[in-house]
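Novice: Supplied in structure tokens, the structure appears directly below.
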Amino acid sequence: MLGKLRKISRKIFYPLAKLVGSFGIKPNLITLSGLLVTSVGGLFLVFKLPLIAAFCFLASGLLDLLDGLVARMYGKKTKFGGTLDAVVDRYEEFIMVIASAIGKYISWPIATFAVFSMIAPSYVRARAESTGGMKKCDVGFLERPEKLLFIVLATVGLVFYSKALDVAFLLIIVLGQITVVQRLTAAFNFEKSKVNKVVRKVLRRNKTEVDGKSNLRMTLNKKQLSDFTPE
């Protein structure tokens with residue numbers, strides 16, 4: 001949903017990524033730094049300091065953006081780096097949810113459903129791209145930027161409304177499950193289109209073979225007729 005905004009953000013933070021990369025800082029180190037910053041933010045949230053926590057969560061989002069930019073900019077993009085980034089993202093989301101529950105901003109049942117709804121869309125995407133053969137299954141309302149935005153805004157909103165994180169996580173739960181359905185539908189349609197392509201290819205091949213046999217039969221019939229034509 002915020003894919004276009006993410007592209008704009010990349011252009012804005014390009015100079016910063018260039019500066020960070022010029023010091024030889026590795027993308028994986030930036031990724032792990034984001035996990036550390038999120039953990040610190042979680043502690044601030046537990047100790048009832050939501051504004052500082054929100055700043056930390058926002059900073060971790062910036063680091064998540066920078067690691068990819070630095071990797072692409074300096075030719076350090078690796079498959080392991082992509083895997084590490086995805087795993088760290090899930091850990092960061094888990095920390096934010098658990099910190100909210102420990103700080104008693106949300107109930108444990110909501111925390112449980114929130115964790116599931118944050119992980120499930122990513123799992124469906126991974127399966128659709130690996131097992132299902134899709135090049136990219138990023139459809140749906142809820143992606144990483146949306147989740148982070150909801151949590152950061154709600155954490156700031158705690159200053160004015162004590163149930164702000166409840167609202168944010170309930171929204172994440174609903175949108176997360178909708179995203180699961182959207183991605184499963186996309187995977188099903190992709191599989192269906194592949195089957196249809198194979199069927200059409202087989203039908204075309206069979207038609208070609210049938211046409212070829214018909215032409216051959218007609219040629220033979222004509223030849224036989226010419227052979228029996230009286231002189």
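By order of appearance in the structure tokens: chains A, B, ..., then residues from 1 within every chain, and ligands from 1 in the order shown.
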I want to know what sits within 9 Å of Ile172 in chain A, based on only C-alpha atoms, with residues of the same chain fewer than 2 positions away left out; could you give that as a compact mmCIF listing (two decimals) with C-alpha atoms, in the first residue's frame?

Specialist:
# COMPACT_ATOMS: atom_id res chain seq x y z
CA ALA A 114 -1.07 -9.66 16.22
CA SER A 117 -1.16 -11.72 11.61
CA MET A 118 2.22 -10.03 11.15
CA LEU A 142 -0.32 -4.98 4.87
CA GLU A 146 2.28 -0.17 6.95
CA LYS A 147 2.88 -2.21 10.10
CA PHE A 150 0.65 1.99 12.49
CA VAL A 167 -6.53 0.11 17.83
CA ALA A 168 -3.29 -0.23 15.83
CA PHE A 169 -2.87 -3.93 16.49
CA LEU A 170 -6.53 -4.71 15.85
CA VAL A 174 -7.65 -7.51 10.29
CA LEU A 175 -5.46 -6.23 7.44
CA GLY A 176 -2.98 -9.06 7.98
CA GLN A 177 -5.62 -11.72 7.43

Novice: Considering only helix (DSSP H, G or I) as DSSP defines it on the backbone, what residues of range 135-193 of chain A qualify? List them as number ranges by chain.

Specialist: A: 144-157, 164-193

Novice: Mind pulling up the distance from CA of Phe116 in chain A to CA of Ala53 in chain A?

Specialist: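 These two atoms are separated by 22.5 Å.
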
Novice: Between range 68-163 of chain A and range 13-25 of chain A, at 8 Å or less, what are the per-residue closest atom pairs and their distances in Å? Count only C-alpha atoms, order by chain and rising residue number, and return it as JSON lines.

Specialist:
{"residue": "A:Leu69", "atom": "CA", "partner": "A:Ala17", "partner_atom": "CA", "distance": 6.1}
{"residue": "A:Val70", "atom": "CA", "partner": "A:Ala17", "partner_atom": "CA", "distance": 5.5}
{"residue": "A:Met73", "atom": "CA", "partner": "A:Lys18", "partner_atom": "CA", "distance": 7.4}
{"residue": "A:Tyr74", "atom": "CA", "partner": "A:Gly21", "partner_atom": "CA", "distance": 7.2}

Novice: Save out the residues we just selected, C-alpha atoms, as a PDB file, in the first residue's frame.

Specialist:
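Once everything was written out, this is result_19.pdb:
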ATOM      1  CA  LEU A  69      20.176   1.003  -0.311  1.00  0.00           C
ATOM      2  CA  VAL A  70      23.792   0.516   0.773  1.00  0.00           C
ATOM      3  CA  MET A  73      24.646   1.028  -4.178  1.00  0.00           C
ATOM      4  CA  TYR A  74      27.956  -0.663  -3.353  1.00  0.00           C
TER       5      TYR A  74
END

Novice: Nearest to Asn28 in chain A: which of A:Asp166, A:Asp64, A:Glu191, A:Glu92 is it, counting only C-alpha atoms?

Specialist: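 Once distances to Asn28 in chain A are computed over only C-alpha atoms, the minimum belongs to A:Asp64.
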
Novice: Just to confirm, what's the straight-line distance from CA of Arg125 in chain A to CA of Leu65 in chain A in Å (one decimal)?

Specialist: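 Interatomic distance here is 19.8 Å.
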
Novice: Calculate how many Å separate CA of Ala154 in chain A from CA of Pro50 in chain A, rounding to one decimal.

Specialist: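 CA of Pro50 in chain A lies at a distance of 9.3 Å from CA of Ala154 in chain A.
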